[in-house]
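Novice: Input work.txt, format and content: compact mmCIF, C-alpha atoms.
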```
# COMPACT_ATOMS: atom_id res chain seq x y z
CA MET A 1 -55.09 62.49 -22.62
CA ALA A 2 -51.61 61.91 -21.20
CA LEU A 3 -48.88 60.80 -23.59
CA LEU A 4 -48.41 57.48 -21.83
CA GLN A 5 -52.02 56.47 -22.31
CA GLU A 6 -51.87 57.55 -25.95
CA TRP A 7 -48.74 55.40 -26.42
CA ARG A 8 -50.30 52.37 -24.77
CA ASP A 9 -53.56 52.72 -26.71
CA TYR A 10 -51.60 53.01 -29.96
CA ALA A 11 -48.83 50.45 -29.42
CA TYR A 12 -50.83 47.66 -27.84
CA ARG A 13 -53.34 47.57 -30.67
CA PHE A 14 -50.61 45.99 -32.81
CA ASP A 15 -50.81 42.23 -32.82
CA ASP A 16 -47.34 40.77 -33.19
CA ASN A 17 -48.86 37.87 -35.12
CA THR A 18 -49.62 40.18 -38.04
CA LYS A 19 -47.11 41.56 -40.53
CA GLU A 20 -48.03 45.14 -39.55
CA GLY A 21 -47.62 44.35 -35.85
CA GLN A 22 -44.30 42.61 -36.34
CA GLN A 23 -43.00 45.57 -38.34
CA PHE A 24 -44.15 48.05 -35.69
CA TRP A 25 -42.49 46.16 -32.82
CA LEU A 26 -39.33 45.47 -34.80
CA ASN A 27 -39.01 49.20 -35.48
CA TYR A 28 -39.67 50.02 -31.81
CA PHE A 29 -37.09 47.48 -30.59
CA GLN A 30 -34.46 48.92 -32.97
CA VAL A 31 -35.13 52.44 -31.70
CA GLU A 32 -35.04 51.19 -28.11
CA GLN A 33 -31.76 49.36 -28.69
CA GLY A 34 -30.20 52.44 -30.28
CA ILE A 35 -31.14 54.64 -27.32
CA TYR A 36 -29.77 52.11 -24.84
CA LYS A 37 -26.48 51.84 -26.74
CA LYS A 38 -26.04 55.62 -26.49
CA LEU A 39 -27.03 55.72 -22.81
CA LEU A 40 -24.82 52.81 -21.81
CA ALA A 41 -21.83 54.24 -23.70
CA ASN A 42 -21.64 56.99 -21.06
CA PRO A 43 -23.52 55.72 -17.98
CA SER A 44 -22.14 58.34 -15.60
CA GLU A 45 -23.92 61.09 -17.55
CA VAL A 46 -27.45 61.69 -16.30
CA VAL A 47 -29.46 62.62 -19.38
CA THR A 48 -32.17 65.21 -18.74
CA GLY A 49 -34.58 67.19 -20.86
CA THR A 50 -38.19 67.39 -21.89
CA VAL A 51 -39.81 64.43 -23.60
CA GLU A 52 -39.72 66.36 -26.89
CA GLU A 53 -36.02 67.28 -26.46
CA LEU A 54 -35.08 63.66 -25.75
CA ALA A 55 -37.03 62.47 -28.79
CA LYS A 56 -35.01 64.90 -30.94
CA LYS A 57 -31.73 63.97 -29.24
CA TYR A 58 -32.28 60.27 -29.93
CA GLU A 59 -33.76 60.93 -33.39
CA THR A 60 -37.16 59.36 -32.79
CA THR A 61 -40.78 60.36 -32.45
CA ILE A 62 -42.33 61.61 -29.22
CA SER A 63 -44.56 58.53 -29.23
CA LEU A 64 -41.66 56.06 -29.39
CA MET A 65 -39.76 58.10 -26.78
CA VAL A 66 -42.74 57.77 -24.46
CA GLY A 67 -42.67 54.00 -24.98
CA PHE A 68 -38.96 54.00 -24.13
CA LEU A 69 -39.56 56.10 -20.99
CA ASP A 70 -42.32 53.71 -19.95
CA GLY A 71 -39.95 50.77 -20.28
CA ILE A 72 -37.00 52.31 -18.43
CA ASN A 73 -38.91 54.02 -15.62
CA ASP A 74 -38.68 51.10 -13.15
CA SER A 75 -34.89 51.04 -13.64
CA LEU A 76 -34.25 54.65 -12.70
CA LYS A 77 -32.94 55.86 -9.35
CA THR A 78 -35.83 58.34 -9.28
CA PRO A 79 -38.81 57.42 -11.49
CA ASN A 80 -40.28 60.04 -13.81
CA PRO A 81 -43.95 61.14 -13.66
CA ILE A 82 -44.78 59.07 -16.75
CA GLU A 83 -48.49 58.75 -15.99
CA THR A 84 -49.04 62.50 -16.34
CA MET A 85 -46.25 63.64 -18.66
CA ASP A 86 -46.72 65.66 -21.80
CA LYS A 87 -44.15 66.69 -24.43
CA ASP A 88 -42.90 69.53 -22.20
CA THR A 89 -42.43 67.44 -19.05
CA SER A 90 -38.82 67.40 -17.84
CA VAL A 91 -37.49 63.88 -17.33
CA SER A 92 -34.23 62.47 -16.04
CA LEU A 93 -32.55 59.23 -17.04
CA ASP A 94 -30.50 58.53 -13.91
CA ILE A 95 -30.12 54.78 -14.41
CA ASP A 96 -29.52 52.14 -11.75
CA LEU A 97 -27.43 49.83 -13.96
CA GLU A 98 -27.95 46.61 -11.99
CA LYS A 99 -31.68 47.21 -11.72
CA LEU A 100 -31.82 47.94 -15.46
CA TYR A 101 -29.99 44.71 -16.34
CA TYR A 102 -32.20 42.72 -13.95
CA ASN A 103 -35.37 44.23 -15.45
CA MET A 104 -34.19 43.58 -19.01
CA VAL A 105 -33.69 39.92 -18.18
CA GLY A 106 -37.12 39.82 -16.51
CA ALA A 107 -38.70 41.32 -19.64
CA ARG A 108 -36.92 38.69 -21.77
CA ALA A 109 -35.34 41.54 -23.76
CA GLU A 110 -32.36 39.55 -25.01
CA TRP A 111 -31.62 42.21 -27.65
CA LEU A 112 -30.92 44.57 -24.73
CA TYR A 113 -29.26 42.56 -21.96
CA THR A 114 -26.81 41.04 -24.45
CA LEU A 115 -25.54 44.42 -25.72
CA GLU A 116 -21.74 44.54 -25.72
CA GLU A 117 -21.89 47.79 -23.70
CA TRP A 118 -22.71 45.72 -20.60
CA GLU A 119 -19.25 44.09 -20.69
CA THR A 120 -17.56 47.20 -19.28
CA LEU A 121 -20.38 48.20 -16.94
CA ILE A 122 -21.10 45.08 -14.88
CA THR A 123 -18.71 42.16 -14.39
CA PRO A 124 -19.64 38.87 -16.06
CA GLU A 125 -20.02 37.25 -12.61
CA ARG A 126 -22.42 39.95 -11.42
CA ARG A 127 -24.40 39.78 -14.68
CA LYS A 128 -24.73 36.03 -14.18
CA GLU A 129 -25.98 36.60 -10.60
CA LEU A 130 -28.50 39.22 -11.74
CA TYR A 131 -29.67 36.94 -14.55
CA LYS A 132 -30.21 34.08 -12.13
CA GLU A 133 -31.98 36.32 -9.57
CA SER A 134 -34.30 37.67 -12.25
CA LYS A 135 -35.14 34.22 -13.61
CA LEU A 136 -35.73 32.79 -10.11
CA SER A 137 -38.01 35.71 -9.20
CA THR A 138 -40.55 34.46 -11.76
CA THR A 139 -40.35 30.80 -10.74
CA VAL A 140 -43.44 29.56 -8.90
CA VAL A 141 -42.69 27.15 -6.07
CA LYS A 142 -45.64 25.17 -4.78
CA PRO A 143 -45.56 24.35 -1.08
CA ALA A 144 -45.40 20.68 -0.13
CA LYS A 145 -48.78 19.07 0.36
CA VAL A 146 -49.63 18.42 4.00
CA GLY A 147 -50.36 14.79 4.79
CA ARG A 148 -53.51 13.94 6.78
CA ASN A 149 -51.57 12.62 9.78
CA GLU A 150 -48.90 15.34 9.84
CA PRO A 151 -49.02 18.23 12.32
CA CYS A 152 -51.26 21.05 11.09
CA PRO A 153 -49.25 23.95 9.61
CA CYS A 154 -51.44 26.44 11.50
CA GLY A 155 -49.50 25.59 14.68
CA SER A 156 -52.36 24.17 16.73
CA GLY A 157 -50.45 20.98 17.55
CA LYS A 158 -53.29 18.83 16.21
CA LYS A 159 -53.06 16.50 13.25
CA TYR A 160 -53.99 18.18 9.99
CA LYS A 161 -57.01 15.86 9.53
CA GLN A 162 -58.37 16.93 12.92
CA CYS A 163 -57.79 20.65 12.36
CA CYS A 164 -57.62 22.66 9.10
CA GLY A 165 -57.99 19.56 6.92
CA LYS A 166 -61.32 18.64 8.47
CA ASP A 167 -64.21 18.43 6.00
CA ASN A 168 -66.88 20.94 6.91
```
Please re-express this file's structure in structure tokens.
Specialist:
Amino acid sequence: MALLQEWRDYAYRFDDNTKEGQQFWLNYFQVEQGIYKKLLANPSEVVTGTVEELAKKYETTISLMVGFLDGINDSLKTPNPIETMDKDTSVSLDIDLEKLYYNMVGARAEWLYTLEEWETLITPERRKELYKESKLSTTVVKPAKVGRNEPCPCGSGKKYKQCCGKDN
């Protein structure tokens, strides 16, 4: 079984409404925050290595490193093969900073997108724009309801009640 599937099977069995689940996720979020602080302190450095090497470098378990890699993968310039990776798979953490910030906001990871390291990486104005873009991307906008006597939106030129709004 690939490491990613093992991580997901293990991690998502923890219910965050239980004490055990809350402790597990609190620990994971602290590890995650620590790794991000180190990565964002030197964003021009592209960190590479095997999954096992990165786990040692960031002083965590292979399992928690896999969870981190799963979370960051969509924010990398070139995604890693996380679906098939094992402990010896070489991975690269070449981060797209704006994409990472945007994704952190989208994941509601306030403990990450409020890190002080962001202050020197992305201007406050740009962070505000990215925040707004991310929040708006999840907003559902319902189209206006078509009135019976309005032109049909299909473009036929007929009234809605005589076209697509006709009862069958």
Novice: So which one's closest to Ile72 in chain A, A:Glu32, A:Glu150, A:Glu119, A:Glu20? Using all atoms listed in the file, please.
Specialist: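 For Ile72 in chain A, the nearest of the candidates is A:Glu32.
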Novice: Take the point (-49.9, 53.3, -21.6) in the file's coordinates, draw a sphere of radius 12 Å around it, and report as a VMD selection string every protein, DNA or RNA residue with an atom inside or on it, counting only C-alpha atoms.
Specialist: chain A and resid 1 to 13 63 to 64 66 to 71 82 to 85
Novice: Using only C-alpha atoms for the distances, tell me which of A:Cys163, A:Tyr131, A:Lys38, A:Pro124 is nearest to Val146 in chain A.
Specialist: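 Using only C-alpha atoms, Val146 in chain A sits closest to A:Cys163.
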Novice: Select, from A:Lys37, A:Pro143, A:Gln30, A:Ser137, the residue with the minimum atom-to-atom distance to Thr60 in chain A, counting all atoms listed in the file.
Specialist: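 Distance minimum relative to Thr60 in chain A lands on A:Gln30.
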Novice: Mind giving me the straight-line distance from CA of Leu54 in chain A to CA of Gln23 in chain A in Å, one decimal?
Specialist: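 These atoms are spaced 23.4 Å apart.
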Novice: How many Å lie between CA of Glu129 in chain A and CA of Tyr36 in chain A, rounded to one decimal?
Specialist: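 CA of Tyr36 in chain A lies 21.4 Å from CA of Glu129 in chain A.
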Novice: Quick one: pull the distance between CA of Ala109 in chain A and CA of Pro43 in chain A, Å, one decimal.
Specialist: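 Taking CA of Ala109 in chain A as the start and CA of Pro43 in chain A as the end point, the length is 19.3 Å.
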Novice: Which residue is closest to Thr48 in chain A? Choose from A:Val91, A:Val31, A:Leu136, A:Leu26 and count only C-alpha atoms.
Specialist: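 That would be A:Val91, the residue with the smallest distance to Thr48 in chain A.
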Novice: A:Glu110, A:Trp118, A:Tyr101, A:Arg127: which is nearest Ala41 in chain A, counting all atoms listed in the file?
Specialist: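 The closest residue to Ala41 in chain A is A:Trp118.
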Novice: Using all atoms listed in the file, which of the listed residues (A:Ile95, A:Leu100, A:Thr50, A:Lys161) sits closest to Pro81 in chain A?
Specialist: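 Closest residue, counting all atoms listed in the file: A:Thr50.
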Novice: Using the atoms already present, construct all heavy atoms for range 90-101 of chain A and hand them back as an mmCIF file, keeping the file's coordinate frame.
Specialist:
```cif
data_model
loop_
_atom_site.group_PDB
_atom_site.id
_atom_site.type_symbol
_atom_site.label_atom_id
_atom_site.label_comp_id
_atom_site.auth_asym_id
_atom_site.auth_seq_id
_atom_site.Cartn_x
_atom_site.Cartn_y
_atom_site.Cartn_z
ATOM 1 N N SER A 90 -40.251 67.672 -18.001
ATOM 2 C CA SER A 90 -38.820 67.400 -17.840
ATOM 3 C C SER A 90 -38.646 66.015 -17.225
ATOM 4 O O SER A 90 -39.323 65.670 -16.250
ATOM 5 C CB SER A 90 -38.175 68.428 -16.914
ATOM 6 O OG SER A 90 -38.109 69.664 -17.574
ATOM 7 N N VAL A 91 -37.772 65.228 -17.829
ATOM 8 C CA VAL A 91 -37.490 63.880 -17.330
ATOM 9 C C VAL A 91 -35.984 63.719 -17.155
ATOM 10 O O VAL A 91 -35.191 64.436 -17.753
ATOM 11 C CB VAL A 91 -38.054 62.785 -18.269
ATOM 12 C CG1 VAL A 91 -39.567 62.804 -18.279
ATOM 13 C CG2 VAL A 91 -37.508 62.925 -19.672
ATOM 14 N N SER A 92 -35.629 62.756 -16.316
ATOM 15 C CA SER A 92 -34.230 62.470 -16.040
ATOM 16 C C SER A 92 -34.003 60.982 -16.205
ATOM 17 O O SER A 92 -34.815 60.167 -15.766
ATOM 18 C CB SER A 92 -33.915 62.893 -14.601
ATOM 19 O OG SER A 92 -32.638 62.450 -14.229
ATOM 20 N N LEU A 93 -32.891 60.629 -16.833
ATOM 21 C CA LEU A 93 -32.550 59.230 -17.040
ATOM 22 C C LEU A 93 -31.336 58.873 -16.180
ATOM 23 O O LEU A 93 -30.243 58.643 -16.680
ATOM 24 C CB LEU A 93 -32.284 58.946 -18.524
ATOM 25 C CG LEU A 93 -33.443 59.239 -19.465
ATOM 26 C CD1 LEU A 93 -33.057 58.944 -20.903
ATOM 27 C CD2 LEU A 93 -34.678 58.450 -19.069
ATOM 28 N N ASP A 94 -31.544 58.884 -14.862
ATOM 29 C CA ASP A 94 -30.500 58.530 -13.910
ATOM 30 C C ASP A 94 -30.651 57.031 -13.629
ATOM 31 O O ASP A 94 -31.417 56.609 -12.763
ATOM 32 C CB ASP A 94 -30.648 59.352 -12.625
ATOM 33 C CG ASP A 94 -29.453 59.225 -11.705
ATOM 34 O OD1 ASP A 94 -28.447 58.595 -12.102
ATOM 35 O OD2 ASP A 94 -29.523 59.759 -10.582
ATOM 36 N N ILE A 95 -29.918 56.229 -14.376
ATOM 37 C CA ILE A 95 -30.120 54.780 -14.410
ATOM 38 C C ILE A 95 -29.408 54.056 -13.271
ATOM 39 O O ILE A 95 -28.250 54.328 -12.971
ATOM 40 C CB ILE A 95 -29.590 54.207 -15.750
ATOM 41 C CG1 ILE A 95 -30.282 54.883 -16.924
ATOM 42 C CG2 ILE A 95 -29.774 52.701 -15.816
ATOM 43 C CD1 ILE A 95 -29.622 54.591 -18.259
ATOM 44 N N ASP A 96 -30.110 53.108 -12.674
ATOM 45 C CA ASP A 96 -29.520 52.140 -11.750
ATOM 46 C C ASP A 96 -29.146 50.950 -12.638
ATOM 47 O O ASP A 96 -30.021 50.188 -13.059
ATOM 48 C CB ASP A 96 -30.534 51.739 -10.684
ATOM 49 C CG ASP A 96 -30.013 50.718 -9.701
ATOM 50 O OD1 ASP A 96 -29.169 49.873 -10.080
ATOM 51 O OD2 ASP A 96 -30.462 50.737 -8.547
ATOM 52 N N LEU A 97 -27.865 50.814 -12.962
ATOM 53 C CA LEU A 97 -27.430 49.830 -13.960
ATOM 54 C C LEU A 97 -27.820 48.396 -13.611
ATOM 55 O O LEU A 97 -28.290 47.655 -14.475
ATOM 56 C CB LEU A 97 -25.929 49.929 -14.188
ATOM 57 C CG LEU A 97 -25.454 51.200 -14.894
ATOM 58 C CD1 LEU A 97 -23.942 51.262 -14.906
ATOM 59 C CD2 LEU A 97 -26.011 51.278 -16.291
ATOM 60 N N GLU A 98 -27.623 47.995 -12.358
ATOM 61 C CA GLU A 98 -27.950 46.610 -11.990
ATOM 62 C C GLU A 98 -29.453 46.365 -12.074
ATOM 63 O O GLU A 98 -29.892 45.322 -12.535
ATOM 64 C CB GLU A 98 -27.414 46.285 -10.592
ATOM 65 C CG GLU A 98 -25.910 46.156 -10.580
ATOM 66 C CD GLU A 98 -25.366 45.516 -9.318
ATOM 67 O OE1 GLU A 98 -26.150 45.219 -8.384
ATOM 68 O OE2 GLU A 98 -24.140 45.300 -9.261
ATOM 69 N N LYS A 99 -30.219 47.334 -11.645
ATOM 70 C CA LYS A 99 -31.680 47.210 -11.720
ATOM 71 C C LYS A 99 -32.127 47.132 -13.184
ATOM 72 O O LYS A 99 -33.009 46.364 -13.532
ATOM 73 C CB LYS A 99 -32.300 48.425 -11.043
ATOM 74 C CG LYS A 99 -33.730 48.281 -10.645
ATOM 75 C CD LYS A 99 -34.134 49.587 -9.971
ATOM 76 C CE LYS A 99 -35.193 49.406 -8.960
ATOM 77 N NZ LYS A 99 -35.621 50.679 -8.373
ATOM 78 N N LEU A 100 -31.490 47.938 -14.033
ATOM 79 C CA LEU A 100 -31.820 47.940 -15.460
ATOM 80 C C LEU A 100 -31.530 46.569 -16.070
ATOM 81 O O LEU A 100 -32.377 46.003 -16.774
ATOM 82 C CB LEU A 100 -31.042 49.026 -16.196
ATOM 83 C CG LEU A 100 -31.253 49.102 -17.710
ATOM 84 C CD1 LEU A 100 -32.709 49.409 -18.046
ATOM 85 C CD2 LEU A 100 -30.335 50.161 -18.313
ATOM 86 N N TYR A 101 -30.357 46.022 -15.801
ATOM 87 C CA TYR A 101 -29.990 44.710 -16.340
ATOM 88 C C TYR A 101 -30.973 43.649 -15.856
ATOM 89 O O TYR A 101 -31.494 42.851 -16.639
ATOM 90 C CB TYR A 101 -28.555 44.351 -15.937
ATOM 91 C CG TYR A 101 -28.064 43.095 -16.600
ATOM 92 C CD1 TYR A 101 -27.510 43.142 -17.871
ATOM 93 C CD2 TYR A 101 -28.176 41.855 -15.981
ATOM 94 C CE1 TYR A 101 -27.075 41.989 -18.503
ATOM 95 C CE2 TYR A 101 -27.743 40.700 -16.597
ATOM 96 C CZ TYR A 101 -27.185 40.774 -17.860
ATOM 97 O OH TYR A 101 -26.770 39.620 -18.486
#
```
